[in-house]
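coords22.tsv, holding TSV, C-alpha atoms:
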```
chain	number	residue	atom	x	y	z
A	211	MET	CA	62.34	234.40	-139.78
A	212	PHE	CA	63.49	232.65	-142.87
A	213	VAL	CA	65.85	229.65	-142.65
A	214	SER	CA	67.63	228.40	-145.69
A	215	ARG	CA	67.49	224.77	-146.69
A	216	ARG	CA	71.23	224.37	-146.15
A	217	THR	CA	71.02	225.83	-142.62
A	218	PHE	CA	67.99	223.66	-141.90
A	219	ASP	CA	69.81	220.52	-143.08
A	220	THR	CA	72.87	221.47	-141.02
A	221	LEU	CA	70.75	222.09	-137.93
A	222	ALA	CA	68.83	218.85	-138.52
A	223	ALA	CA	72.09	216.91	-138.86
A	224	ASP	CA	73.41	218.51	-135.66
A	225	TYR	CA	70.13	217.68	-133.95
A	226	GLU	CA	70.33	214.03	-135.05
A	227	ARG	CA	74.00	213.83	-134.03
A	228	ILE	CA	73.20	215.28	-130.58
A	229	ARG	CA	70.23	212.94	-130.28
A	230	GLU	CA	72.42	209.93	-131.09
A	231	GLN	CA	74.98	211.12	-128.54
A	232	ARG	CA	72.20	211.41	-125.98
A	233	ASP	CA	70.94	207.92	-126.75
A	234	GLU	CA	74.47	206.53	-126.59
A	235	ALA	CA	75.01	208.33	-123.25
A	236	GLN	CA	71.76	206.86	-121.91
A	237	ARG	CA	72.80	203.36	-123.00
A	238	THR	CA	76.20	203.90	-121.35
A	239	VAL	CA	74.51	205.10	-118.14
A	240	ARG	CA	72.20	202.05	-118.12
A	241	ALA	CA	75.17	199.74	-118.68
A	242	MET	CA	77.10	201.44	-115.89
A	243	GLN	CA	74.10	201.20	-113.56
A	244	THR	CA	73.79	197.50	-114.34
A	245	ALA	CA	77.51	196.98	-113.77
A	246	THR	CA	77.28	198.97	-110.52
A	247	ARG	CA	74.36	196.87	-109.28
A	248	THR	CA	76.18	193.67	-110.22
A	249	ALA	CA	79.38	194.79	-108.50
A	250	ALA	CA	77.45	195.94	-105.43
A	251	GLY	CA	75.75	192.56	-105.25
A	252	GLN	CA	79.08	190.78	-105.59
A	253	PHE	CA	80.69	192.97	-102.94
A	254	THR	CA	77.72	192.48	-100.64
A	255	ALA	CA	77.90	188.71	-101.12
A	256	ALA	CA	81.65	188.73	-100.55
A	257	ASP	CA	81.23	190.89	-97.45
A	258	ASP	CA	78.52	188.55	-96.11
A	259	THR	CA	80.77	185.56	-96.74
A	260	LEU	CA	83.69	187.31	-95.05
A	261	ASN	CA	81.51	188.15	-92.05
A	262	ARG	CA	80.30	184.53	-91.82
A	263	VAL	CA	83.91	183.29	-91.97
A	264	ARG	CA	84.98	185.76	-89.30
A	265	LEU	CA	82.08	184.77	-87.05
A	266	ALA	CA	82.85	181.09	-87.58
A	267	ARG	CA	86.51	181.64	-86.71
A	268	LEU	CA	85.50	183.61	-83.63
A	269	ALA	CA	83.12	180.84	-82.56
A	270	ASP	CA	85.89	178.26	-83.12
A	271	ALA	CA	88.32	180.35	-81.08
A	272	ILE	CA	85.79	180.59	-78.25
A	273	ARG	CA	85.15	176.85	-78.36
A	274	TYR	CA	88.86	176.06	-78.48
A	275	THR	CA	89.54	178.45	-75.62
A	276	GLY	CA	86.90	176.65	-73.57
A	277	ARG	CA	88.36	173.28	-74.47
A	278	ILE	CA	91.87	174.41	-73.60
A	279	ALA	CA	90.72	175.77	-70.25
A	280	ARG	CA	88.93	172.49	-69.51
A	281	LEU	CA	92.00	170.47	-70.51
A	282	VAL	CA	94.22	172.64	-68.31
A	283	ARG	CA	91.93	171.97	-65.35
A	284	ILE	CA	91.94	168.23	-66.11
A	285	VAL	CA	95.75	168.13	-66.40
A	286	ALA	CA	96.12	170.04	-63.13
A	287	ARG	CA	93.76	167.59	-61.40
A	288	LEU	CA	95.63	164.60	-62.87
A	289	ARG	CA	98.98	166.03	-61.75
A	290	VAL	CA	97.60	166.34	-58.21
A	291	GLU	CA	96.32	162.75	-58.38
A	292	VAL	CA	99.68	161.46	-59.71
A	293	ALA	CA	101.57	163.30	-56.96
A	294	ALA	CA	99.22	161.81	-54.34
A	295	ALA	CA	99.67	158.32	-55.84
A	296	GLU	CA	103.47	158.76	-55.82
A	297	ARG	CA	103.34	159.81	-52.14
A	298	ARG	CA	101.19	156.78	-51.29
A	299	ALA	CA	103.57	154.48	-53.19
A	300	ALA	CA	106.56	155.99	-51.39
A	301	ARG	CA	104.86	155.44	-48.01
A	302	VAL	CA	104.00	151.85	-48.91
A	303	GLN	CA	107.57	151.25	-50.15
A	304	ALA	CA	109.01	152.71	-46.94
A	305	ALA	CA	106.68	150.54	-44.85
A	306	TYR	CA	107.72	147.46	-46.84
A	307	ASP	CA	111.43	148.33	-46.51
A	308	HIS	CA	111.00	148.71	-42.75
A	309	ALA	CA	109.03	145.45	-42.52
A	310	VAL	CA	111.68	143.38	-44.29
A	311	GLY	CA	114.60	145.22	-42.69
A	312	LEU	CA	115.92	147.00	-45.77
A	313	ASP	CA	116.30	150.24	-43.83
A	314	ASN	CA	118.94	148.75	-41.50
A	315	PRO	CA	122.15	150.85	-41.43
A	316	SER	CA	124.33	147.74	-41.69
A	317	LEU	CA	123.07	147.22	-45.23
A	318	GLU	CA	124.61	150.54	-46.21
A	319	HIS	CA	127.99	149.33	-44.99
A	320	GLY	CA	127.66	146.08	-46.96
A	321	ALA	CA	126.91	147.91	-50.20
A	322	TYR	CA	130.52	149.10	-50.42
A	323	TRP	CA	131.80	145.55	-49.86
A	324	GLN	CA	129.43	144.17	-52.53
A	325	THR	CA	130.91	146.37	-55.25
A	326	ARG	CA	134.47	145.25	-54.43
A	327	ARG	CA	134.06	141.57	-53.65
A	328	SER	CA	136.48	139.24	-55.37
A	329	ASP	CA	134.07	136.36	-56.08
A	330	LYS	CA	131.62	138.60	-57.89
A	331	PRO	CA	130.65	136.99	-61.21
A	332	ARG	CA	131.89	138.91	-64.26
A	333	THR	CA	130.09	139.03	-67.57
A	334	GLU	CA	132.25	138.05	-70.48
A	335	VAL	CA	132.26	140.19	-73.57
A	336	ALA	CA	131.85	138.27	-76.83
A	337	SER	CA	134.39	139.21	-79.46
```
Translate this structure into structure tokens?
Amino acid sequence: MFVSRRTFDTLAADYERIREQRDEAQRTVRAMQTATRTAAGQFTAADDTLNRVRLARLADAIRYTGRIARLVRIVARLRVEVAAAERRAARVQAAYDHAVGLDNPSLEHGAYWQTRRSDKPRTEVAS
């Protein structure tokens, strides 16, 4: 089969053009693969960092929950101790009042007289 020079040159030019397109496509594919690997590495690193942050926050929440529970128990114990101390102080105060006679009913009657007595000293207001 005979091929003319013009047809051969045309076919050779087409072949070279297709070959250049193939080479360009291969370079594009390699660049895309490199970009994909880089992006995958970045996403993996970001995902690892995000997981570490989430785990750290979870660990902090667990620690804080434990601390809060411990503080609640301490506050409850301290409230019980304060209530017991207030009851003891009230008993001691009542015993003292009884010992010195401050629980005598006649003192209640004198309290009304004390507020109305005429010789009660008055504080003067400075003008």
Provide the CA of Ala293 in chain A to CA of Val310 in chain A distance in Å, to one decimal place.
->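 One can read the CA of Ala293 in chain A to CA of Val310 in chain A distance as 25.7 Å.
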Atom pair CA of Ser316 in chain A / CA of Ala300 in chain A: separation (Å) = 21.9 Å
What is the distance between CA of Arg273 in chain A and CA of Arg287 in chain A, in Å to one decimal?
->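 Distance between the two atoms: 21.2 Å.
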